[in-house]
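Trainee: Here it is, the structure, as structure tokens.
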Amino acid sequence: MSKIKELVANPIARLNQDEVPLFDRLVQYAKQDVTPFDVPGHKMGSAMNPLKQVLGEMTLRMDVNSMKELDLLSHPQSVIKDAQNLAADAFGAEQAYFLVNGTTVGIQAMIMATCKPGDILLVPRNGHKSVMDGIILSGAKPVFIQPEVDYHFGISHGVSLFNAKKAIEEHPHARAILITYPTYFGSMCDLEEICQLAHKQGIAVIVDSAHGAHLPFLANGIQDPIEAGADAVTISMHKTGGSLTQSSLLLLQNNRIVPEAIQKILSMLQTTSANYLLMSSLDVARRELAVHGRERYRKLKPIVEKAIAQIEHESRLEILKPAYVGKHFNQSYDWTKLVIRVNGIGLTGFEVYTILKENYGIQMELAEGYVVMAVITTSDTEESIGKLVYALKDIEEKHGEQTVIMSTHVTADQVNKLIVSPREAFYSEHESVDINEAVGRISADTLMIYPPGIPLVIPGELLSHDVVKQYHYYRQTIGTVLTEAKKAHHIMVVKENDK
Ligand SMILES: Cc1ncc(COP(=O)(O)O)c(C=O)c1O
């Protein structure tokens with residue numbers, strides 16, 4: 001029995017978070033003298049390969065396929081299993097699964113594991129596209145919960161406890177409730193209370209924590225979703241946890257969702273050629289967070305607080321802060337998100353986003369009508385954050401106006417009427433129509449603005465004047481609204497005779 005397995009068998013012992021079993025084994029393999037007659041065809045970069053010059057020889061030597069000594073993601077028994085056990089331990093969960101198609105696949109799997117076709121899923125309307133796709137895949141019947149809308153910052157927060165409670169009371173036979181925690185903008189609803197209410201009815205709580213990989217390491221009273229009692233949580237380690245893009249973790253506890261069912265669904269949805277660079281980056285990122293995360297976030301917090309104070313004292317810009325979110329929305333707030341309200345200086349978030357990139361070389365996470373948002377991680381320093389503070393003050397001086405921009409189209413929060421289930425709309429016959437002539441039709445399309453990846457409309461919903469107005473607003477400001485229609489300004493709708 002490996003040391004890790006021994007420790008797993010003894011629940012009192014914590015695992016040694018310094019270990020990186022998958023990463024170590026992969027490096028060991030990459031250093032061996034191997035003559036590969038397996039795929040990938042670049043054969044550890046043995047031939048002249050332009051990628052080798054850019055990525056380095058070791059990267060290509062580590063880009064290998066599953067084999068006995070490196071374990072198999074769909075049926076982990078050795079180093080992947082050990083690495084997953086360490087991840088579960090670091091996040092306080094009972095099981096952890098490595099994901100190589102981001103949180104997207106984890107969300108789809110959590111929905112499919114809890115909902116059969118026709119089962120009710122309670123879900124926030126501002127859920128990510130992957131939530132809507134999970135609904136289509138599973139055939140679940142969504143019952144939408146309106147999120148809290150913040151008209152001052154022009155964004156939406158999490159769902160209120162009141163609305164979640166109402167949804168649970170009105171749908172006691174729902175199979176699951178999905179909660180986004182934290183939201184893209186960093187707010188966190190009362191998840192513990194929602195878990196208790198849902199569990200009383202036998203409803204599973206599944207959590208989209210794409211933006212919350214760092215939460216367990218923040219301390220200062222911030223609760224992570226596993227601590228709050230969620231049954232399944234998916235976190236994008238690649239977003240704030242330090243692993244490579246696309247790598248995520250699915251965590252389970254409480255046994256409401258059977259581990260074998262999750263493993264089976266993940267094996268259906270994920271590739272049979274899971275990328276070892278991605279998986280081993282999960283191993284390393286987990287170690288960094290578990291061993292150094294708390295200390296690094298403790299040091300980062302005063303730097304962020306100083307930056308917020310500087311921005312607010314020396315400019316008319318406003319920052320979204322825990323006290324504000326607590327007072328107005330009764331939710332807690334993740335201080336690593338810097339949501340900066342810029343409409344008070346007469347500029348839109350989109351304009352500031354572009355100026356920051358073009359004039360200061362600063363790439364923000366996203367822009368909305370009133371705000372721009374920076375994501376702060378332990379890779380940031382006083383210097384990088386100082387650069388942002390300087391740029392924001394400089395932009396106000398050079399471009400700021402005395403006017404305040406107010407728009408009616410700043411969030412994607414309108415309630416659309418669901419006429420048929422998203423799955424039914426998806427499998428109906430479709431046609432492409434000019435968006436301006438689509439009012440009154442049933443959407444077969446998902447109109448996406450990315451970021452933040454919240455659909456303006458999903459398949460099955462009635463296309464209203466509001467949706468069309470928002471489409472035009474985002475096209476003018478962001479430049480692209482993703483639709484499935486090939487022709488410009490068109491949208492896919494359900495054919496009239498196929499409702
Ligand atoms: C709220 C939310 N959920 C889920 C996802 C999907 O995560 P991933 O990119 O890891 O697949 C995203 C991505 O931006 C997101 O913002």
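Going by the structure tokens order, chains are called A, B, ..., each with residues numbered from 1, while ligands are numbered from 1 in the order shown.
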Would you give me, as a tab-separated table, each residue of chain A having an atom within 10 Å of an atom of ligand 1, along with its shortest atom pair and that distance in Å to one decimal, using only C-alpha atoms and all ligand atoms and sorting by chain and residue number?

Mentor:
residue	atom	partner	partner_atom_place_in_ligand_line	distance
A:Leu99	CA	ligand 1	10 (O)	9.0
A:Val100	CA	ligand 1	10 (O)	9.0
A:Asn101	CA	ligand 1	11 (O)	6.2
A:Gly102	CA	ligand 1	10 (O)	3.5
A:Thr103	CA	ligand 1	10 (O)	3.7
A:Thr104	CA	ligand 1	11 (O)	3.7
A:Val105	CA	ligand 1	11 (O)	6.7
A:Gly106	CA	ligand 1	11 (O)	8.0
A:Ile107	CA	ligand 1	4 (C)	7.3
A:Gln108	CA	ligand 1	4 (C)	10.0
A:Asn126	CA	ligand 1	1 (C)	8.5
A:Gly127	CA	ligand 1	1 (C)	6.4
A:His128	CA	ligand 1	3 (N)	4.8
A:Lys129	CA	ligand 1	4 (C)	7.4
A:Ser130	CA	ligand 1	4 (C)	6.2
A:Val131	CA	ligand 1	4 (C)	7.6
A:Ile179	CA	ligand 1	1 (C)	9.8
A:Thr180	CA	ligand 1	1 (C)	6.4
A:Tyr181	CA	ligand 1	1 (C)	8.2
A:Pro182	CA	ligand 1	1 (C)	8.1
A:Thr183	CA	ligand 1	1 (C)	6.0
A:Tyr184	CA	ligand 1	1 (C)	5.4
A:Phe185	CA	ligand 1	1 (C)	9.1
A:Val207	CA	ligand 1	3 (N)	9.4
A:Asp208	CA	ligand 1	3 (N)	5.7
A:Ser209	CA	ligand 1	3 (N)	6.8
A:Ala210	CA	ligand 1	3 (N)	4.8
A:His211	CA	ligand 1	1 (C)	6.6
A:Gly212	CA	ligand 1	1 (C)	9.6
A:Thr234	CA	ligand 1	4 (C)	8.5
A:Ile235	CA	ligand 1	10 (O)	7.3
A:Ser236	CA	ligand 1	10 (O)	4.6
A:Met237	CA	ligand 1	10 (O)	7.7
A:His238	CA	ligand 1	10 (O)	6.9
A:Lys239	CA	ligand 1	10 (O)	7.1
A:Thr245	CA	ligand 1	10 (O)	7.7
A:Gln246	CA	ligand 1	10 (O)	5.7
A:Ser247	CA	ligand 1	10 (O)	6.9
A:Ser248	CA	ligand 1	10 (O)	6.1
A:Leu249	CA	ligand 1	10 (O)	9.2
A:Tyr450	CA	ligand 1	14 (O)	8.0
A:Pro451	CA	ligand 1	14 (O)	6.8
A:Pro452	CA	ligand 1	16 (O)	5.8
A:Gly453	CA	ligand 1	16 (O)	5.9
A:Ile454	CA	ligand 1	1 (C)	7.9

Trainee: Could you take the residues named above and write them with C-alpha atoms, as a PDB file, in the first residue's frame?

Mentor:
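Writing done, so here's out26.pdb:
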ATOM      1  CA  LEU A  99     -10.845  17.524 -15.107  1.00  0.00           C
ATOM      2  CA  VAL A 100      -9.158  18.285 -18.404  1.00  0.00           C
ATOM      3  CA  ASN A 101     -12.027  20.181 -19.987  1.00  0.00           C
ATOM      4  CA  GLY A 102     -12.305  22.885 -17.386  1.00  0.00           C
ATOM      5  CA  THR A 103     -15.124  23.500 -14.991  1.00  0.00           C
ATOM      6  CA  THR A 104     -17.398  23.267 -18.022  1.00  0.00           C
ATOM      7  CA  VAL A 105     -17.235  19.461 -17.956  1.00  0.00           C
ATOM      8  CA  GLY A 106     -17.558  19.359 -14.158  1.00  0.00           C
ATOM      9  CA  ILE A 107     -20.752  21.399 -14.268  1.00  0.00           C
ATOM     10  CA  GLN A 108     -22.194  19.199 -16.981  1.00  0.00           C
ATOM     11  CA  ASN A 126     -27.099  34.246 -14.624  1.00  0.00           C
ATOM     12  CA  GLY A 127     -25.485  30.816 -14.758  1.00  0.00           C
ATOM     13  CA  HIS A 128     -22.575  30.215 -17.092  1.00  0.00           C
ATOM     14  CA  LYS A 129     -23.114  28.762 -20.584  1.00  0.00           C
ATOM     15  CA  SER A 130     -21.904  25.365 -19.343  1.00  0.00           C
ATOM     16  CA  VAL A 131     -24.866  25.259 -16.957  1.00  0.00           C
ATOM     17  CA  ILE A 179     -25.365  27.766  -6.914  1.00  0.00           C
ATOM     18  CA  THR A 180     -22.619  29.945  -8.401  1.00  0.00           C
ATOM     19  CA  TYR A 181     -20.222  30.610  -5.528  1.00  0.00           C
ATOM     20  CA  PRO A 182     -18.524  33.002  -5.796  1.00  0.00           C
ATOM     21  CA  THR A 183     -20.066  34.753  -8.781  1.00  0.00           C
ATOM     22  CA  TYR A 184     -17.775  36.005 -11.511  1.00  0.00           C
ATOM     23  CA  PHE A 185     -17.797  39.362  -9.723  1.00  0.00           C
ATOM     24  CA  VAL A 207     -21.796  24.425  -6.857  1.00  0.00           C
ATOM     25  CA  ASP A 208     -20.180  26.223  -9.760  1.00  0.00           C
ATOM     26  CA  SER A 209     -17.061  27.528  -8.051  1.00  0.00           C
ATOM     27  CA  ALA A 210     -15.192  28.263 -11.275  1.00  0.00           C
ATOM     28  CA  HIS A 211     -13.881  31.441  -9.669  1.00  0.00           C
ATOM     29  CA  GLY A 212     -13.293  30.037  -6.199  1.00  0.00           C
ATOM     30  CA  THR A 234     -16.360  22.224  -9.389  1.00  0.00           C
ATOM     31  CA  ILE A 235     -13.496  24.687  -9.239  1.00  0.00           C
ATOM     32  CA  SER A 236     -11.391  26.097 -12.061  1.00  0.00           C
ATOM     33  CA  MET A 237      -7.929  25.533 -10.639  1.00  0.00           C
ATOM     34  CA  HIS A 238      -6.667  27.174 -13.811  1.00  0.00           C
ATOM     35  CA  LYS A 239      -8.448  30.440 -13.050  1.00  0.00           C
ATOM     36  CA  THR A 245      -5.658  26.545 -18.569  1.00  0.00           C
ATOM     37  CA  GLN A 246      -8.404  23.910 -18.891  1.00  0.00           C
ATOM     38  CA  SER A 247      -7.514  22.019 -15.703  1.00  0.00           C
ATOM     39  CA  SER A 248     -10.190  21.919 -12.996  1.00  0.00           C
ATOM     40  CA  LEU A 249     -11.262  19.857  -9.998  1.00  0.00           C
ATOM     41  CA  TYR A 450     -17.922  36.426 -23.227  1.00  0.00           C
ATOM     42  CA  PRO A 451     -16.742  37.313 -20.709  1.00  0.00           C
ATOM     43  CA  PRO A 452     -18.632  36.930 -18.439  1.00  0.00           C
ATOM     44  CA  GLY A 453     -20.190  33.951 -20.240  1.00  0.00           C
ATOM     45  CA  ILE A 454     -23.746  34.626 -19.157  1.00  0.00           C
TER      46      ILE A 454
END

Trainee: Using only C-alpha atoms, I'd like a table of the residues in range 105-220 of chain A that come within 9 Å of range 338-362 of chain A; for each, show the closest atom pair and its distance in Å rounded to one decimal, ordered by chain and ascending number, as JSON lines.

Mentor:
{"residue": "A:His152", "atom": "CA", "partner": "A:Arg341", "partner_atom": "CA", "distance": 8.6}
{"residue": "A:Phe153", "atom": "CA", "partner": "A:Arg341", "partner_atom": "CA", "distance": 6.1}
{"residue": "A:Gly154", "atom": "CA", "partner": "A:Arg341", "partner_atom": "CA", "distance": 8.7}
{"residue": "A:Phe185", "atom": "CA", "partner": "A:Val339", "partner_atom": "CA", "distance": 7.0}
{"residue": "A:Gly186", "atom": "CA", "partner": "A:Val339", "partner_atom": "CA", "distance": 8.7}

Trainee: Any chance you can output those residues with C-alpha atoms as a short mmCIF file (atom, residue, chain, number, x, y, z; two decimals), in the first residue's frame?

Mentor:
data_model
loop_
_atom_site.label_atom_id
_atom_site.label_comp_id
_atom_site.auth_asym_id
_atom_site.auth_seq_id
_atom_site.Cartn_x
_atom_site.Cartn_y
_atom_site.Cartn_z
CA HIS A 152 -25.20 50.98 -9.00
CA PHE A 153 -22.35 48.78 -10.27
CA GLY A 154 -24.41 47.44 -13.19
CA PHE A 185 -17.80 39.36 -9.72
CA GLY A 186 -16.95 37.81 -6.34
#

Trainee: Residues of range 138-163 of chain A within 12 Å of range 322-330 of chain A: nearest atom pair and distance (Å, one decimal) for each, counting only C-alpha atoms, sorted by chain and number, as JSON lines?

Mentor:
{"residue": "A:Pro147", "atom": "CA", "partner": "A:Phe329", "partner_atom": "CA", "distance": 10.4}
{"residue": "A:Glu148", "atom": "CA", "partner": "A:Phe329", "partner_atom": "CA", "distance": 7.2}
{"residue": "A:Val149", "atom": "CA", "partner": "A:Phe329", "partner_atom": "CA", "distance": 9.0}
{"residue": "A:Asp150", "atom": "CA", "partner": "A:Phe329", "partner_atom": "CA", "distance": 8.5}
{"residue": "A:Tyr151", "atom": "CA", "partner": "A:His328", "partner_atom": "CA", "distance": 11.1}
{"residue": "A:His152", "atom": "CA", "partner": "A:His328", "partner_atom": "CA", "distance": 10.6}
{"residue": "A:Phe153", "atom": "CA", "partner": "A:Val325", "partner_atom": "CA", "distance": 10.7}
{"residue": "A:Ile155", "atom": "CA", "partner": "A:Val325", "partner_atom": "CA", "distance": 11.8}
{"residue": "A:Ser156", "atom": "CA", "partner": "A:Phe329", "partner_atom": "CA", "distance": 10.4}
{"residue": "A:His157", "atom": "CA", "partner": "A:Phe329", "partner_atom": "CA", "distance": 8.0}
{"residue": "A:Gly158", "atom": "CA", "partner": "A:Phe329", "partner_atom": "CA", "distance": 8.8}
{"residue": "A:Val159", "atom": "CA", "partner": "A:Phe329", "partner_atom": "CA", "distance": 9.3}
{"residue": "A:Ser160", "atom": "CA", "partner": "A:Phe329", "partner_atom": "CA", "distance": 7.4}
{"residue": "A:Leu161", "atom": "CA", "partner": "A:Asn330", "partner_atom": "CA", "distance": 8.8}
{"residue": "A:Phe162", "atom": "CA", "partner": "A:Asn330", "partner_atom": "CA", "distance": 10.6}

Trainee: With range 382-392 of chain A as the partner and 7 Å as the cut-off, tabulate the residues of range 277-362 of chain A that qualify, each row holding the nearest pair of atoms and their distance in Å to one decimal, using only C-alpha atoms, sorted by chain and rising number, as CSV.

Mentor:
residue,atom,partner,partner_atom,distance
A:Ile303,CA,A:Glu382,CA,6.1
A:Ala307,CA,A:Val389,CA,6.5
A:Ile311,CA,A:Val389,CA,6.2
A:Tyr360,CA,A:Ala391,CA,6.7

Trainee: Just asking: which residues within range 2-245 of chain A are strand (DSSP E or B) according to DSSP, as a ChimeraX atom specification?

Mentor: /A:67,71,95-99,120-124,141-145,147-150,155-159,176-180,187-188,204-209,232-235

Trainee: Keeping only C-alpha atoms, write those residues as a compact mmCIF listing (two decimals), in the first residue's frame.

Mentor:
# COMPACT_ATOMS: atom_id res chain seq x y z
CA MET A 67 0.16 3.95 -19.70
CA ASP A 71 -2.18 5.67 -14.52
CA GLN A 95 -13.34 12.71 -3.32
CA ALA A 96 -11.64 14.80 -5.99
CA TYR A 97 -11.61 14.26 -9.75
CA PHE A 98 -9.15 15.83 -12.17
CA LEU A 99 -10.84 17.52 -15.11
CA ILE A 120 -36.27 19.83 -11.88
CA LEU A 121 -33.02 21.73 -11.45
CA LEU A 122 -33.15 25.02 -9.55
CA VAL A 123 -30.64 27.30 -11.19
CA PRO A 124 -29.66 30.98 -11.20
CA LYS A 141 -36.16 21.08 -16.47
CA PRO A 142 -34.67 24.35 -15.28
CA VAL A 143 -36.50 26.52 -12.79
CA PHE A 144 -34.66 29.81 -12.79
CA ILE A 145 -33.86 31.82 -9.69
CA PRO A 147 -29.94 36.74 -9.00
CA GLU A 148 -29.61 39.98 -7.08
CA VAL A 149 -29.13 42.90 -9.47
CA ASP A 150 -26.86 45.76 -8.48
CA ILE A 155 -23.74 43.78 -12.43
CA SER A 156 -25.52 40.83 -10.83
CA HIS A 157 -24.57 39.15 -7.56
CA GLY A 158 -25.51 35.73 -6.19
CA VAL A 159 -29.07 34.60 -5.55
CA ALA A 176 -30.73 19.63 -7.29
CA ILE A 177 -30.05 23.31 -6.78
CA LEU A 178 -27.07 24.81 -8.55
CA ILE A 179 -25.37 27.77 -6.91
CA THR A 180 -22.62 29.94 -8.40
CA SER A 187 -20.14 37.79 -4.28
CA MET A 188 -21.08 34.81 -2.16
CA ALA A 204 -28.62 17.97 -3.72
CA VAL A 205 -26.55 21.17 -3.74
CA ILE A 206 -24.12 21.45 -6.65
CA VAL A 207 -21.80 24.43 -6.86
CA ASP A 208 -20.18 26.22 -9.76
CA SER A 209 -17.06 27.53 -8.05
CA ALA A 232 -20.52 18.58 -5.30
CA VAL A 233 -18.31 21.50 -6.23
CA THR A 234 -16.36 22.22 -9.39
CA ILE A 235 -13.50 24.69 -9.24

Trainee: Find, counting only C-alpha atoms, the residue in A:Leu482, A:Ala198, A:Ala425, A:Ile435 that gets nearest to Glu496 in chain A.

Mentor: A:Ala425

Trainee: So how far away is CA of Gln470 in chain A from CA of Ile419 in chain A, in Å?

Mentor: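 Distance between the two atoms: 20.1 Å.
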
Trainee: Which neighbours of Val439 in chain A fall inside 9 Å, counting only C-alpha atoms, when residues of the same chain fewer than 4 positions from it are skipped, and could you give them as a PyMOL selection string?

Mentor: chain A and resi 435+462-465+467-468
